[in-house]
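To keep things clear, I will list the structure first and then write my remarks on it.
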Amino acid sequence: MHGIGLFFVLLLITLILPFVSTASEENPEKISAYPWDHSPITVYIDNKSVPEHYSPTYYSQIEKALEYWEEGGNGNLEYTPVFELVDSEEADIRIRWTENLESVEGAPSGVAGYARPREVGGRFLKVDIVLEVGNYQGKAWRQYGDSTMFAIAKHELGHALGLGHSSDRGDIMYPEYELRDNIDPLLLTKYGPLLRAAIYTATAVIVFLSVSWLLSRKRRKKLEEEYLR
Ligand SMILES: [Zn+2]
């Protein structure tokens, strides 16, 4: 009987281990290494239908963010993107602003921007980037300055180029604003480590329960043998 219990534990470990190692091997820093099958990547910046607190200086922050990635960005791209600004909503990447993501777009609190890719076979067809122009800090509205807009734009463009989140605090792809972006589950790589921790915990609990079940069986059998024989 002990053999069957042990077999059960080993079987469980065998079943769970590949899952755990797959989870830890997956690279959360990349969504796709080459998400665009053509170059240049066309970009449409919607500065026509803008929210109340839009600043005309935000437009050049996007241009600077595009240059940042064309010049190598954070060094984690395996290709050099070339962008072409176009005046058409048919562009590959479409960027627009909204007053506030939580109140207008129903995003989770703290989200400052998001990049939503439409994917086919691991390639991006289109990516929509939405950036908010400010947020509520307590009850006070605070409009983002140009440097914040520049940082958010670089970060969201990084997603549009196939990058996920970085665990390096100094990296532009570090989720600095906590939950401030990525409503799209595809991009929710920040939950990867959490999921992994949950899997390890579950494995530990299952192993612990199985082992203690085996030990109690052994103990009872010993008692039976001592007293009931
Ligand atoms: Zn992000």
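In the structure tokens, the first chain shown is A, the next is B, and so on; residue numbers restart at 1 for each chain, and ligands run from 1 in the order shown.
Environment of ligand 1, defined as every protein or nucleic acid residue with an atom within 7 Å of it and counting only C-alpha atoms and all ligand atoms, comprises Tyr114, His155, Glu156, His159, Gly164, His165, Met173, Pro175, Asp181 and Asn182 of chain A.
Note that DSSP on the backbone gives helix (DSSP H, G or I) to these residues of segment 40-108 of chain A: A:Tyr58, A:Tyr59, A:Ser60, A:Gln61, A:Ile62, A:Glu63, A:Lys64, A:Ala65, A:Leu66, A:Glu67, A:Tyr68, A:Trp69, A:Glu70, A:Leu101, A:Glu102, A:Ser103, A:Val104, A:Glu105.
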Quiz prompt | Residues near Ser147 of chain A, cut-off 10 Å, only C-alpha atoms, skip fewer than 6 positions along chain, as a list in words | solution = Tyr58, Gln61 and Ala153 of chain A
Output for the residues just chosen: C-alpha atoms as an mmCIF file, in the first residue's frame:
data_model
loop_
_atom_site.group_PDB
_atom_site.id
_atom_site.type_symbol
_atom_site.label_atom_id
_atom_site.label_comp_id
_atom_site.auth_asym_id
_atom_site.auth_seq_id
_atom_site.Cartn_x
_atom_site.Cartn_y
_atom_site.Cartn_z
ATOM 1 C CA TYR A 58 2.776 66.110 -25.837
ATOM 2 C CA GLN A 61 7.161 63.772 -26.634
ATOM 3 C CA ALA A 153 5.130 57.080 -24.432
#
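Taking atom CA of Gly72 of chain A as the reference point, atom CA of Leu161 of chain A is found at 11.7 Å.
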Practice problem: Determine, counting only C-alpha atoms, which protein, DNA and RNA residues have an atom within 10 Å of an atom of segment 73-83 of chain A; residues of the same chain fewer than 6 positions away are not included. Present the result as a PyMOL selection string. | Solution: chain A and resi 29-30+32-34+36+38-43+63+65-67+92-93+154+158+161-163+166+170-173
